[in-house]
>>> print(open('entry27.txt').read())   # compact mmCIF, C-alpha atoms
# COMPACT_ATOMS: atom_id res chain seq x y z
CA MET A 1 0.00 0.00 0.00
CA LEU A 2 1.29 3.47 -0.85
CA MET A 3 1.38 6.40 1.52
CA ASN A 4 -1.69 8.50 2.27
CA GLU A 5 -2.90 9.94 -1.07
CA ASN A 6 -3.21 13.40 0.51
CA LEU A 7 0.58 13.57 0.51
CA HIS A 8 0.55 13.71 -3.29
CA ALA A 9 -1.51 16.90 -3.21
CA ASN A 10 0.56 18.29 -0.34
CA PRO A 11 4.11 16.90 -0.76
CA PRO A 12 5.73 15.85 2.53
CA ASP A 13 8.57 17.91 3.93
CA ILE A 14 9.72 14.88 5.95
CA ASP A 15 10.88 11.80 4.06
CA LEU A 16 12.72 9.25 6.21
CA CYS A 17 13.70 5.72 5.32
CA ALA A 18 15.80 3.21 7.25
CA THR A 19 16.36 -0.49 7.77
CA VAL A 20 15.38 -1.70 11.24
CA PRO A 21 18.52 -2.90 13.10
CA THR A 22 18.38 -6.47 14.39
CA GLU A 23 19.00 -5.25 17.94
CA LEU A 24 15.53 -3.65 17.87
CA ALA A 25 13.81 -6.99 17.21
CA GLY A 26 10.75 -7.37 19.43
CA ASN A 27 10.24 -3.63 19.92
CA ARG A 28 6.98 -1.86 19.10
CA ILE A 29 7.10 0.15 15.90
CA ASP A 30 6.59 3.48 17.71
CA SER A 31 9.56 2.67 19.97
CA ALA A 32 11.74 1.65 17.02
CA LEU A 33 10.88 4.89 15.22
CA VAL A 34 12.06 7.01 18.16
CA VAL A 35 15.37 5.12 18.26
CA LEU A 36 15.90 5.62 14.54
CA TRP A 37 14.83 9.28 14.50
CA PRO A 38 15.14 10.69 18.04
CA GLN A 39 14.46 14.26 16.93
CA PHE A 40 10.74 13.38 16.89
CA SER A 41 8.67 12.27 19.88
CA ARG A 42 6.86 8.97 20.30
CA THR A 43 3.58 10.88 20.39
CA ARG A 44 4.37 12.48 17.05
CA PHE A 45 5.16 9.11 15.49
CA LYS A 46 1.89 7.67 16.84
CA HIS A 47 0.04 10.52 15.12
CA TRP A 48 1.80 9.82 11.84
CA LEU A 49 1.06 6.10 12.18
CA GLU A 50 -2.62 6.87 12.71
CA GLN A 51 -2.56 9.10 9.62
CA GLY A 52 -1.08 6.30 7.50
CA GLN A 53 2.16 8.21 6.99
CA VAL A 54 4.41 5.36 8.15
CA THR A 55 4.88 2.02 6.38
CA LEU A 56 6.76 -1.17 7.23
CA ASN A 57 8.02 -2.93 4.09
CA GLN A 58 5.60 -0.71 2.12
CA GLN A 59 2.64 -1.95 4.17
CA PRO A 60 0.48 0.01 6.62
CA CYS A 61 1.31 -0.59 10.27
CA LYS A 62 0.24 0.31 13.78
CA ALA A 63 2.15 1.68 16.76
CA LYS A 64 1.75 -1.57 18.70
CA ASP A 65 3.04 -3.81 15.87
CA LYS A 66 6.41 -5.44 16.57
CA VAL A 67 9.52 -5.34 14.38
CA ARG A 68 11.74 -8.35 13.69
CA GLY A 69 14.76 -6.51 12.33
CA GLY A 70 15.74 -6.08 8.70
CA GLU A 71 12.46 -4.48 7.60
CA THR A 72 12.27 -1.08 5.92
CA LEU A 73 10.53 1.71 7.84
CA HIS A 74 9.43 4.65 5.72
CA VAL A 75 8.02 7.92 7.03
CA GLN A 76 6.52 10.57 4.76
CA ALA A 77 4.89 13.31 6.78
CA HIS A 78 4.75 17.00 7.53
CA THR A 79 6.86 18.87 10.03
CA PRO A 80 5.36 18.95 13.53
CA ARG A 81 4.47 22.50 14.44
CA THR A 82 1.41 24.04 15.97
CA GLU A 83 1.98 27.52 14.65
CA LYS A 84 3.90 29.32 11.97
CA TRP A 85 6.57 31.51 13.48
CA SER A 86 7.06 34.94 11.98
CA ALA A 87 10.25 35.91 10.20
CA GLN A 88 11.86 39.03 11.63
CA ALA A 89 14.86 40.97 10.37
CA LEU A 90 16.85 40.84 13.60
CA PRO A 91 20.64 41.01 13.77
CA LEU A 92 22.50 37.69 13.76
CA THR A 93 26.18 37.08 14.47
CA ILE A 94 26.98 34.14 12.19
CA LEU A 95 30.38 32.55 12.73
CA HIS A 96 29.89 29.86 10.10
CA GLU A 97 27.33 28.86 7.46
CA ASP A 98 27.25 26.14 4.83
CA ASP A 99 24.63 23.89 3.21
CA ALA A 100 24.18 21.80 6.37
CA LEU A 101 24.48 24.08 9.37
CA LEU A 102 24.80 27.51 10.94
CA VAL A 103 26.89 28.45 13.97
CA ILE A 104 25.50 31.48 15.82
CA ASN A 105 27.04 33.62 18.55
CA LYS A 106 23.96 34.54 20.60
CA PRO A 107 24.09 37.74 22.66
CA ALA A 108 22.84 37.88 26.23
CA GLY A 109 19.24 39.05 26.45
CA LEU A 110 18.03 37.22 23.35
CA VAL A 111 15.42 34.49 23.89
CA THR A 112 16.32 31.37 21.89
CA HIS A 113 12.89 29.97 21.09
CA PRO A 114 9.33 31.40 21.02
CA ALA A 115 7.40 30.65 24.21
CA PRO A 116 4.58 32.21 26.24
CA GLY A 117 5.52 35.84 26.79
CA HIS A 118 8.14 35.75 24.02
CA TYR A 119 6.38 34.94 20.75
CA ASP A 120 8.58 37.23 18.68
CA GLY A 121 11.94 38.95 18.86
CA THR A 122 13.62 35.58 19.42
CA LEU A 123 16.56 33.86 17.80
CA VAL A 124 14.14 31.57 15.94
CA ASN A 125 12.37 34.57 14.39
CA ALA A 126 15.73 35.88 13.19
CA LEU A 127 16.82 32.48 11.87
CA ILE A 128 13.64 32.02 9.83
CA HIS A 129 14.15 35.44 8.25
CA HIS A 130 17.74 34.52 7.38
CA ALA A 131 16.93 31.00 6.12
CA PRO A 132 13.17 30.51 5.49
CA GLN A 133 13.55 26.73 5.01
CA LEU A 134 14.19 26.42 8.75
CA GLN A 135 10.45 26.89 9.28
CA SER A 136 10.00 23.26 8.18
CA LEU A 137 12.49 21.79 10.67
CA PRO A 138 11.91 20.79 14.31
CA ARG A 139 12.58 23.84 16.52
CA ALA A 140 13.68 25.71 13.39
CA GLY A 141 16.81 23.55 13.24
CA LEU A 142 18.08 24.38 16.72
CA ILE A 143 20.04 21.45 18.17
CA HIS A 144 20.37 22.86 21.68
CA ARG A 145 19.44 26.02 23.56
CA LEU A 146 20.93 28.73 25.71
CA ASP A 147 19.08 30.61 28.44
CA LYS A 148 18.00 34.14 27.55
CA ASP A 149 20.80 35.75 29.56
CA THR A 150 23.54 33.27 28.64
CA SER A 151 25.66 34.34 25.69
CA GLY A 152 27.60 32.25 23.22
CA LEU A 153 27.58 29.54 20.58
CA LEU A 154 24.65 27.58 19.19
CA VAL A 155 24.53 25.20 16.23
CA VAL A 156 21.55 25.17 13.88
CA ALA A 157 20.87 22.43 11.31
CA LYS A 158 19.69 23.61 7.90
CA THR A 159 18.40 20.24 6.64
CA LEU A 160 16.44 17.41 8.22
CA SER A 161 19.33 15.03 7.58
CA ALA A 162 21.80 17.32 9.34
CA HIS A 163 19.33 17.81 12.19
CA HIS A 164 19.01 14.04 12.65
CA THR A 165 22.79 13.56 12.63
CA LEU A 166 23.49 16.40 15.07
CA VAL A 167 20.72 15.41 17.50
CA LYS A 168 22.16 11.88 17.62
CA ALA A 169 25.64 13.31 18.22
CA LEU A 170 24.33 15.48 21.05
CA GLN A 171 22.58 12.54 22.67
CA ALA A 172 25.76 10.47 22.34
CA ARG A 173 27.69 13.30 24.06
CA GLU A 174 29.83 13.77 20.96
CA ILE A 175 29.35 17.56 20.65
CA LYS A 176 31.92 19.57 22.57
CA ARG A 177 30.43 22.43 24.59
CA HIS A 178 32.81 24.50 26.70
CA TYR A 179 31.69 27.49 28.76
CA GLU A 180 33.30 30.15 30.91
CA ALA A 181 31.71 31.54 34.04
CA ILE A 182 32.44 33.81 36.99
CA VAL A 183 31.22 32.37 40.29
CA LYS A 184 30.99 33.64 43.82
CA GLY A 185 33.57 32.46 46.32
CA VAL A 186 37.06 31.06 45.85
CA LEU A 187 37.29 27.54 44.46
CA THR A 188 40.40 25.62 45.53
CA GLY A 189 40.46 23.49 42.39
CA GLY A 190 38.47 21.92 39.60
CA GLY A 191 36.26 18.87 39.74
CA ARG A 192 33.40 16.83 38.39
CA ILE A 193 29.78 17.23 39.48
CA GLU A 194 27.43 14.31 38.95
CA THR A 195 23.91 14.56 40.36
CA PRO A 196 20.35 13.79 39.32
CA MET A 197 18.46 16.91 38.26
CA GLY A 198 14.78 17.62 37.77
CA ARG A 199 12.06 20.24 37.97
CA HIS A 200 11.73 21.93 41.37
CA PRO A 201 8.74 20.39 43.19
CA LYS A 202 7.32 23.78 44.25
CA ASP A 203 8.64 26.25 41.67
CA ARG A 204 8.11 25.02 38.10
CA LEU A 205 10.38 27.73 36.71
CA ARG A 206 13.37 26.33 38.59
CA MET A 207 15.43 23.16 38.31
CA CYS A 208 17.09 21.47 41.25
CA VAL A 209 19.17 18.51 42.37
CA ARG A 210 16.70 15.77 43.28
CA THR A 211 16.86 11.99 43.51
CA THR A 212 14.02 11.47 41.01
CA GLY A 213 15.72 13.55 38.30
CA LYS A 214 17.87 12.62 35.31
CA ILE A 215 21.63 12.31 35.71
CA ALA A 216 23.59 15.49 34.99
CA ILE A 217 27.39 15.68 34.68
CA THR A 218 29.45 18.88 34.67
CA HIS A 219 33.25 19.27 34.64
CA TYR A 220 34.90 22.49 35.77
CA ARG A 221 38.42 23.87 36.28
CA VAL A 222 39.79 27.05 37.75
CA LEU A 223 41.13 29.70 35.36
CA THR A 224 41.73 32.58 37.82
CA ARG A 225 41.10 33.06 41.53
CA PHE A 226 40.22 36.49 42.87
CA ALA A 227 39.64 37.76 46.41
CA ALA A 228 36.02 36.61 46.54
CA HIS A 229 35.30 35.17 43.10
CA THR A 230 36.61 32.56 40.67
CA HIS A 231 36.78 32.55 36.89
CA ILE A 232 36.15 28.97 35.72
CA ALA A 233 35.99 26.90 32.54
CA VAL A 234 33.09 24.46 32.36
CA GLN A 235 32.48 21.47 30.12
CA LEU A 236 29.06 19.88 29.79
CA GLU A 237 28.85 16.12 29.51
CA THR A 238 25.04 16.18 29.66
CA GLY A 239 22.74 19.07 28.81
CA ARG A 240 19.96 19.46 31.35
CA THR A 241 18.02 22.71 31.63
CA HIS A 242 19.98 25.27 33.71
CA GLN A 243 22.58 22.55 34.41
CA ILE A 244 25.66 24.71 35.00
CA ARG A 245 23.69 27.25 37.03
CA VAL A 246 22.15 24.56 39.25
CA HIS A 247 25.40 22.64 39.70
CA MET A 248 27.46 25.66 40.71
CA ALA A 249 24.75 26.76 43.16
CA HIS A 250 24.76 23.18 44.50
CA LEU A 251 28.48 23.65 45.26
CA HIS A 252 27.58 26.91 47.07
CA HIS A 253 29.40 28.85 44.35
CA PRO A 254 26.51 30.33 42.33
CA ILE A 255 27.22 32.15 39.09
CA VAL A 256 27.61 35.89 39.49
CA GLY A 257 24.44 37.75 38.52
CA ASP A 258 22.22 34.66 38.43
CA PRO A 259 18.75 35.98 39.36
CA VAL A 260 17.30 32.51 40.00
CA TYR A 261 20.01 30.43 41.66
CA GLY A 262 22.25 33.15 43.11
CA THR A 263 21.95 36.06 45.51
CA ALA A 264 21.07 39.61 44.55
CA THR A 265 23.46 41.47 46.88
CA PRO A 266 27.12 41.79 45.81
CA GLY A 267 28.54 41.54 49.36
CA LYS A 268 29.51 44.22 51.89
CA ASN A 269 33.23 43.47 52.23
CA LEU A 270 34.12 43.85 48.56
CA ALA A 271 36.21 46.67 47.16
CA ALA A 272 34.09 49.57 45.92
CA PRO A 273 34.99 49.05 42.20
CA VAL A 274 33.98 45.39 42.45
CA ARG A 275 30.70 46.25 44.20
CA ASP A 276 29.92 48.81 41.50
CA ALA A 277 30.76 46.40 38.67
CA LEU A 278 28.65 43.64 40.21
CA SER A 279 25.67 45.93 40.80
CA GLN A 280 25.75 46.87 37.12
CA PHE A 281 26.02 43.26 35.92
CA LYS A 282 22.41 42.30 35.25
CA ARG A 283 22.67 38.70 34.03
CA GLN A 284 24.37 35.43 34.90
CA ALA A 285 28.08 35.58 34.03
CA LEU A 286 27.96 32.54 31.77
CA HIS A 287 29.21 32.29 28.18
CA ALA A 288 29.23 29.34 25.75
CA LYS A 289 32.72 29.91 24.42
CA CYS A 290 33.67 26.82 22.42
CA LEU A 291 31.65 24.47 20.23
CA GLY A 292 33.09 21.42 18.50
CA LEU A 293 31.42 18.76 16.38
CA THR A 294 31.82 16.34 13.51
CA HIS A 295 30.38 17.96 10.39
CA PRO A 296 27.31 16.03 9.16
CA LEU A 297 28.38 16.30 5.50
CA THR A 298 32.17 16.06 5.52
CA ASN A 299 32.67 14.01 8.73
CA ALA A 300 35.53 16.40 9.55
CA TYR A 301 35.86 17.73 13.09
CA CYS A 302 35.10 21.46 13.27
CA GLU A 303 35.47 23.86 16.18
CA TRP A 304 34.46 27.47 16.77
CA ILE A 305 35.39 30.00 19.48
CA ALA A 306 33.36 33.00 20.62
CA PRO A 307 35.46 35.40 22.75
CA LEU A 308 34.01 36.60 26.04
CA PRO A 309 31.48 39.40 25.56
CA SER A 310 32.44 42.87 26.72
CA ASP A 311 30.36 42.82 29.92
CA MET A 312 32.06 39.68 31.26
CA GLN A 313 35.48 40.87 30.15
CA HIS A 314 34.94 44.19 31.93
CA LEU A 315 33.96 42.40 35.13
CA LEU A 316 37.10 40.22 34.91
CA ASP A 317 39.23 43.34 34.34
CA VAL A 318 37.80 44.96 37.50
CA LEU A 319 38.33 41.79 39.54
CA THR A 320 41.90 41.54 38.24
CA GLN A 321 42.73 45.17 39.02
CA THR A 322 41.37 45.00 42.57
CA SER A 323 43.15 41.69 43.28
CA ALA A 324 46.56 42.95 42.17
>>> encode(input="entry27.txt", output="structure tokens")
Amino acid sequence: MLMNENLHANPPDIDLCATVPTELAGNRIDSALVVLWPQFSRTRFKHWLEQGQVTLNQQPCKAKDKVRGGETLHVQAHTPRTEKWSAQALPLTILHEDDALLVINKPAGLVTHPAPGHYDGTLVNALIHHAPQLQSLPRAGLIHRLDKDTSGLLVVAKTLSAHHTLVKALQAREIKRHYEAIVKGVLTGGGRIETPMGRHPKDRLRMCVRTTGKIAITHYRVLTRFAAHTHIAVQLETGRTHQIRVHMAHLHHPIVGDPVYGTATPGKNLAAPVRDALSQFKRQALHAKCLGLTHPLTNAYCEWIAPLPSDMQHLLDVLTQTSA
């Protein structure tokens, strides 16, 4: 049986085909689909199955059907989105662009993705204006996110194939993501933080360390120690929401300027220039400085660096001058 005839009148923007690996034998079709194409949810695949947009060996199938391994799964469907985002001519700092991907240096203050309260003026709105085909990709091609007030590097896929490859690489922890941060207090050395993390039980806008959460792993090392602060380099092994911010607060060394996991007051015993600089610093001092990945087309390793933004560099200059 061929795919849903409606697809001929409205050509699919998603066309996926793969052979089911033998190690998936015995799995439900909806489960196998998620393993093969993790950028889409199980719920989304169930919808496509119900719409007749998925076949197994060119035959209609159901979510509960089992695979044996070796069959051909074919998906022809339309991109999952509940609304059409508007394209807006907003400034973008593009460090790299080719047929497969974009690397963006996001400024602090820019929301990554449209959400309640921020339906426009986001990075996604700017991306769709720059490359309209991103409208047809999951999350407009974004592979990962940065908080509104975190600056630095993001990778964006420009094709569904590149999106699939990069999402798999992210899940396999094969994408290098290095950050720099300024934290409160003096760290004696670097270390590794491994905790479960999940949504705060009372405040749904916050994350926290909790036994029922998913494992989160952060590596950090000291770059410079100051009188009451430390400049650190951070490497993410996992990518939970607010992970670095939560982990540093868990160590009792919250990131400077963090309005959610830190403290608002700069401290009474600090030198006046430091107090002034801290009172003027209105965001968390966190920057995604280095991004490295295997290119989905060439298979060559690529790496990009985004220097510290001026506000963080100024704060480091003040801390350096007062610690001399």
>>> residues_around(input="entry27.txt", residues="Tyr261 (chain A)", least_positions_apart="3", cutoff="10 Å", atoms="all atoms listed in the file", output="list of chain:residue names")
A:Arg206, A:Met207, A:Cys208, A:His242, A:Arg245, A:Val246, A:His247, A:Met248, A:Ala249, A:His250, A:His252, A:His253, A:Pro254, A:Ile255, A:Val256, A:Gly257, A:Asp258, A:Ala264, A:Gln284
>>> write_last_selection(input="entry27.txt", atoms="C-alpha atoms", output="mmCIF file, in the frame of the given file")
data_model
loop_
_atom_site.group_PDB
_atom_site.id
_atom_site.type_symbol
_atom_site.label_atom_id
_atom_site.label_comp_id
_atom_site.auth_asym_id
_atom_site.auth_seq_id
_atom_site.Cartn_x
_atom_site.Cartn_y
_atom_site.Cartn_z
ATOM 1 C CA ARG A 206 13.370 26.330 38.590
ATOM 2 C CA MET A 207 15.430 23.160 38.310
ATOM 3 C CA CYS A 208 17.090 21.470 41.250
ATOM 4 C CA HIS A 242 19.980 25.270 33.710
ATOM 5 C CA ARG A 245 23.690 27.250 37.030
ATOM 6 C CA VAL A 246 22.150 24.560 39.250
ATOM 7 C CA HIS A 247 25.400 22.640 39.700
ATOM 8 C CA MET A 248 27.460 25.660 40.710
ATOM 9 C CA ALA A 249 24.750 26.760 43.160
ATOM 10 C CA HIS A 250 24.760 23.180 44.500
ATOM 11 C CA HIS A 252 27.580 26.910 47.070
ATOM 12 C CA HIS A 253 29.400 28.850 44.350
ATOM 13 C CA PRO A 254 26.510 30.330 42.330
ATOM 14 C CA ILE A 255 27.220 32.150 39.090
ATOM 15 C CA VAL A 256 27.610 35.890 39.490
ATOM 16 C CA GLY A 257 24.440 37.750 38.520
ATOM 17 C CA ASP A 258 22.220 34.660 38.430
ATOM 18 C CA ALA A 264 21.070 39.610 44.550
ATOM 19 C CA GLN A 284 24.370 35.430 34.900
#
>>> axis_aligned_box(input="entry27.txt", around="region 212-216 of chain A", padding_each_side="6 Å", output="lines of an AutoDock Vina configuration file")
center_x = 18.8
center_y = 13.5
center_z = 38.0
size_x = 21.6
size_y = 16.0
size_z = 18.0
>>> residues_around(input="entry27.txt", residues="Ile104 (chain A)", least_positions_apart="4", cutoff="10 Å", atoms="all atoms listed in the file", output="ChimeraX atom specification")
/A:92-97,123,127,152-156,304,306
>>> atom_distance(input="entry27.txt", atom1="CA of Lys106 (chain A)", atom2="CA of Glu194 (chain A)")
27.5 Å
>>> atom_distance(input="entry27.txt", atom1="CA of Val167 (chain A)", atom2="CA of Ile143 (chain A)")
6.1 Å
>>> atom_distance(input="entry27.txt", atom1="CA of Leu90 (chain A)", atom2="CA of Gln243 (chain A)")
28.3 Å
>>> residues_around(input="entry27.txt", residues="region 173-182 of chain A", least_positions_apart="2", cutoff="6 Å", atoms="all atoms listed in the file", output="MDAnalysis selection string")
chainID A and resid 169:171 230:236 255:256 285:293
>>> residues_around(input="entry27.txt", residues="Ala157 (chain A)", least_positions_apart="5", cutoff="7 Å", atoms="all atoms listed in the file", output="VMD selection string")
chain A and resid 100 to 102 141 to 143 162 to 163
>>> residues_around(input="entry27.txt", residues="Arg240 (chain A)", least_positions_apart="3", cutoff="9 Å", atoms="all atoms listed in the file", output="PyMOL selection string")
chain A and resi 197-198+214-217+243-244
>>> closest_residue(input="entry27.txt", among="A:Val35, A:Val20, A:Phe40, A:His74", to="Pro138 (chain A)", atoms="all atoms listed in the file")
A:Phe40
>>> closest_residue(input="entry27.txt", among="A:Lys46, A:His219, A:His200, A:Arg68", to="Thr238 (chain A)", atoms="all atoms listed in the file")
A:His219
>>> closest_residue(input="entry27.txt", among="A:Ser279, A:Thr218, A:Gln313, A:Gln88", to="Ile128 (chain A)", atoms="only C-alpha atoms")
A:Gln88
>>> closest_residue(input="entry27.txt", among="A:His314, A:Arg192, A:Arg275, A:His164", to="Val34 (chain A)", atoms="all atoms listed in the file")
A:His164
>>> residues_near_point(input="entry27.txt", point="(36.5, 26.7, 46.0)", cutoff="10 Å", atoms="all atoms listed in the file", output="PyMOL selection string")
chain A and resi 183-190+222+225+228-230+251-253
